[in-house]
Amino acid sequence: MSEHSYVETAEEARRNPEYVRALQELLFQAADDDYILAYRGAEWLGLAPHIEEDVAFSSMSQDMMGHAAMLYEMLEELGAGKADDLAHMRSPDAFRNAIIIERPNGTGDYADQPHYDWAYAIARYSLYGVFKQIRLEALAYSTYVPLAQAAGKMQREHHYHVRYWHMWFKRLASSTDDARARLNAALEQVWSDIGELFLLGRASASIVGFGLIAGEDDISQRWMNATRNMFASNGIDWPGDWGVPVQKGREGQHTDDLAQAVSTLSEVYRLDPAASW
Amino acid sequence: MSNRTDPDRALDNERLAKFLERIDRGDKIEADDWMPDDYRNQLIKLISMHGVSEIMGALPEKEWVPKAPTLRRKLAIMAKVQDEMGHGQLLLRVVEDLLAPLGKNRDDLLQDLFSGRLKFHNVFHMEAPTWADAGVIAWLVDGAAIITQTMSLETSYAPYARALQRICAEEKFHAQHGESIVLELAEGTPAQRQMLQDAVTRWWPSLLMFFGPPEGGTVSSNQLLNMRYKIRSQTNEELRQVFFHKYVHRIYHLGLTLPDDTIRYDEAEGVWHYQQPDWDRFVQIVRGNGPCSAQRLRLRKTSYEEAKWVRDAMLAAPRAEHMAGGRL
Ligand SMILES: [Fe+2]
Ligand SMILES: [Fe+2]
């Protein structure tokens, strides 16, 4: 298969095992990012700073969960297993989300004494939001046509998320000194993890080689341009070189926070995966 | 007010007579219309309780949002809990208009909630320990809410009626969502059926309490005043009877039992006889001494207090930008 040949269906993709392997890696990265971050969003339910915000936030978490479901279904068609099994039965080392995604919202459990940090939420969601937008734009050119089409659908919803997070970013940057200080502290925290978001994991070469998405440097460069603008227009200093976490989430290394999230997400399903729920 | 003069009082009496005429005619009252203080106070009490109950009601179900067994169920319950927060928002806005002439706002309401002065529905003080509880809440608690809210659609206060119109439409989806969870469990494995039966048994007394104590009992309520003002048109007991009519057979039909050996329908009288729940316990629960009252209030209070800096930031942010905020 040449670099620029398009693959129209799952059936066609499955004729080339190497193509499928690369495609599945990429799909797990995108699906797991949205799935776990939607979970973090769901933990905020009922706890957002304002009732209006709760409703808006929840609507975005649903969109993200919906995107994850769409991608897991795509994986199902490619022979990776049942979508619900993928979401609930994999062990944490099979997850490909970046570590920044699994970081907790703050301390405490969502049902017991949560001390969640809205500034961290804004920092993480706005910077992830920019990344996701760029990833979706790049996926629109993917050689896997069903993915390119799905990316278009997701972009329409994601567009609103980005606008929303930017509005909050601006609000925190330009209101009180306290809010600005908290935003800066949160950005510093996010910055130490953010570099991993752009990585494509062990299958990077074949993912790019098959024309499934643009390369890591290309994506991170585009992200940097967009983010620099956002920082500059809000008077936030550019933090300099970013960090990457110790664990390599894109290669299946995770923190205990992911193990905990997965065990919560699958608690009921695992009671009886064969049953109908 | 002791310093008021007789002409003031005469004017008030005249206004009250006119107001009652409007009520009797079936006129609907708007927020800016003159209304007697006790009408306003009853509305504030009723609608703020309804509003905070929607918000507090999001908490027991929220526990099950991440745990919902499948991707499809996760999406459905997320949407449901979001709707409930939306209902809370809609209702608090109605109350805010009623509170404004008294110089009070939403923050006062929330402070009343935290201090226990403002009560929320008994059902949301209870535990929801299994996935079946999430199903039973949506099917039967939302089902019960539909019954009281359908009655309230006829309320004499127009802004409340308008909010209820939208709320009722969404509640019907919630009840369907709950029924779908319940049916799946009822047709499932023995363990799933047992989980469902336990949840129904657990929720039954709370569901009876949901409609409030019967009149003439030991617990006083403002049913009569509210009926005079046409804020409501049916008594607690009448609503509970509607609930029995609608659900008892459906519950039996699923092969489930109720924790009440005495419940039966009397054809001749046209009423259901049943075992009264423990109304002293009801009073304790709504006073904030239910199994989850303290924990859920603490959740709401902590998140509200810790986010004060965010609300301050919202107030300080430029106005035009602020307005765009709530409109996603
Ligand atoms: Fe509701
Ligand atoms: Fe509901």
# chains A, B, ... in the order shown; residues from 1 in each chain; ligands from 1
>>> residues_near_ligand(ligand="ligand 2", cutoff="9 Å", atoms="only C-alpha atoms and all ligand atoms", output="list in words")
Glu54, Gly57, Ala58, Lys80, Val81, Asp83, Glu84, His87, Ile137, Ala138, Val141, Asp142, Gly143, Ala145, Ile146, Ile167, Cys168, Glu170, Glu171, Lys172, Phe173, His174 and Ala175 of chain B
>>> write_last_selection(atoms="C-alpha atoms", output="short mmCIF file (atom, residue, chain, number, x, y, z; two decimals), in the first residue's frame")
data_model
loop_
_atom_site.label_atom_id
_atom_site.label_comp_id
_atom_site.auth_asym_id
_atom_site.auth_seq_id
_atom_site.Cartn_x
_atom_site.Cartn_y
_atom_site.Cartn_z
CA GLU B 54 -33.18 18.98 41.29
CA GLY B 57 -30.92 15.04 43.12
CA ALA B 58 -28.06 15.14 40.66
CA LYS B 80 -30.01 12.84 32.41
CA VAL B 81 -27.96 14.33 35.23
CA ASP B 83 -30.93 17.84 32.52
CA GLU B 84 -31.50 17.78 36.28
CA HIS B 87 -33.96 22.08 35.78
CA ILE B 137 -34.49 6.46 40.78
CA ALA B 138 -34.98 7.39 37.13
CA VAL B 141 -38.61 8.88 41.46
CA ASP B 142 -38.78 10.71 38.16
CA GLY B 143 -42.10 8.93 37.59
CA ALA B 145 -42.04 13.74 40.02
CA ILE B 146 -43.91 13.66 36.72
CA ILE B 167 -39.13 20.15 32.77
CA CYS B 168 -42.05 17.72 32.38
CA GLU B 170 -37.61 16.07 29.83
CA GLU B 171 -38.77 14.09 32.87
CA LYS B 172 -40.65 11.77 30.54
CA PHE B 173 -37.37 10.89 28.82
CA HIS B 174 -35.81 10.31 32.23
CA ALA B 175 -38.53 7.89 33.22
#
>>> closest_atom_pairs(of="chain B", to="chain A", cutoff="6 Å", atoms="only C-alpha atoms", output="JSON lines")
{"residue": "B:Pro66", "atom": "CA", "partner": "A:Leu265", "partner_atom": "CA", "distance": 5.2}
{"residue": "B:Lys67", "atom": "CA", "partner": "A:Leu265", "partner_atom": "CA", "distance": 4.7}
{"residue": "B:Pro69", "atom": "CA", "partner": "A:Tyr269", "partner_atom": "CA", "distance": 4.5}
{"residue": "B:Thr70", "atom": "CA", "partner": "A:Asp84", "partner_atom": "CA", "distance": 5.9}
{"residue": "B:Gln82", "atom": "CA", "partner": "A:Val55", "partner_atom": "CA", "distance": 5.6}
{"residue": "B:Glu184", "atom": "CA", "partner": "A:Trp277", "partner_atom": "CA", "distance": 5.9}
{"residue": "B:Ser303", "atom": "CA", "partner": "A:Leu47", "partner_atom": "CA", "distance": 5.5}
{"residue": "B:Ala307", "atom": "CA", "partner": "A:Pro49", "partner_atom": "CA", "distance": 5.1}
{"residue": "B:Ala313", "atom": "CA", "partner": "A:Ser175", "partner_atom": "CA", "distance": 5.2}
{"residue": "B:Ala316", "atom": "CA", "partner": "A:Ser175", "partner_atom": "CA", "distance": 5.1}
{"residue": "B:Ala317", "atom": "CA", "partner": "A:Ser175", "partner_atom": "CA", "distance": 4.6}
>>> residues_around(residues="Tyr120 in chain A", least_positions_apart="5", cutoff="9 Å", atoms="only C-alpha atoms", output="MDAnalysis selection string")
chainID A and resid 105:106 125 182:183 185:187 189:190
>>> residues_around(residues="Ala80 in chain A", least_positions_apart="3", cutoff="12 Å", atoms="only C-alpha atoms", output="list in words")
Ala10, Arg14, Pro17, Val20, Arg21, Leu23, Gln24, Glu25, Leu27, Phe28, Leu71, Tyr72, Glu73, Met74, Leu75, Glu76, Glu77, Ala83, Asp84, Asp85, Leu86, Ala87, Arg90 and Ala94 of chain A
>>> residues_around(residues="Leu224 in chain B", least_positions_apart="6", cutoff="10 Å", atoms="only C-alpha atoms", output="list in words")
Glu215, Lys230, Ile231, Arg232, Ser233, Gln234 and Thr235 of chain B
>>> atom_distance(atom1="CA of Leu90 in chain B", atom2="CA of Met49 in chain B")
12.9 Å
>>> atom_distance(atom1="CA of Tyr247 in chain B", atom2="CA of Asp133 in chain B")
16.6 Å
>>> select_by_dssp(residues="range 16-206 of chain A", states="helix (DSSP H, G or I)", output="ChimeraX atom specification")
/A:17-44,51-77,83-88,92-94,99-102,118-139,145-173,177-198,204-206
>>> closest_residue(among="B:Ala17, B:Leu102, B:Leu164, B:Ala31", to="ligand 1", atoms="only C-alpha atoms and all ligand atoms")
B:Leu164
>>> closest_residue(among="B:Ala76, B:Met126, B:Ala132, B:Leu185", to="Ser293 in chain B", atoms="only C-alpha atoms")
B:Met126
>>> residues_around(residues="Tyr141 in chain A", least_positions_apart="2", cutoff="12 Å", atoms="only C-alpha atoms", output="VMD selection string")
chain A and resid 4 to 7 134 to 139 143 to 152 208 210 to 214
>>> residues_around(residues="Val248 in chain B", least_positions_apart="5", cutoff="12 Å", atoms="only C-alpha atoms", output="JSON, numbers by chain")
{"B": [140, 200, 204, 207, 208, 240, 241, 242, 243, 253, 254, 255, 256, 257, 258, 259, 260, 263, 264, 265, 272, 273, 274]}
>>> atom_distance(atom1="CA of Asp257 in chain A", atom2="CA of Leu37 in chain A")
12.2 Å
>>> closest_residue(among="B:Met35, B:Leu11, B:Met151, B:Ala163", to="ligand 1", atoms="only C-alpha atoms and all ligand atoms")
B:Ala163
>>> select_by_dssp(residues="range 34-270 of chain A", states="strand (DSSP E)", output="JSON, numbers by chain")
{"A": [106, 107, 108, 109, 112, 113, 114, 115, 116]}
>>> closest_residue(among="B:Asn41, B:Thr148, B:Ser115, B:Thr130", to="ligand 1", atoms="only C-alpha atoms and all ligand atoms")
B:Thr148
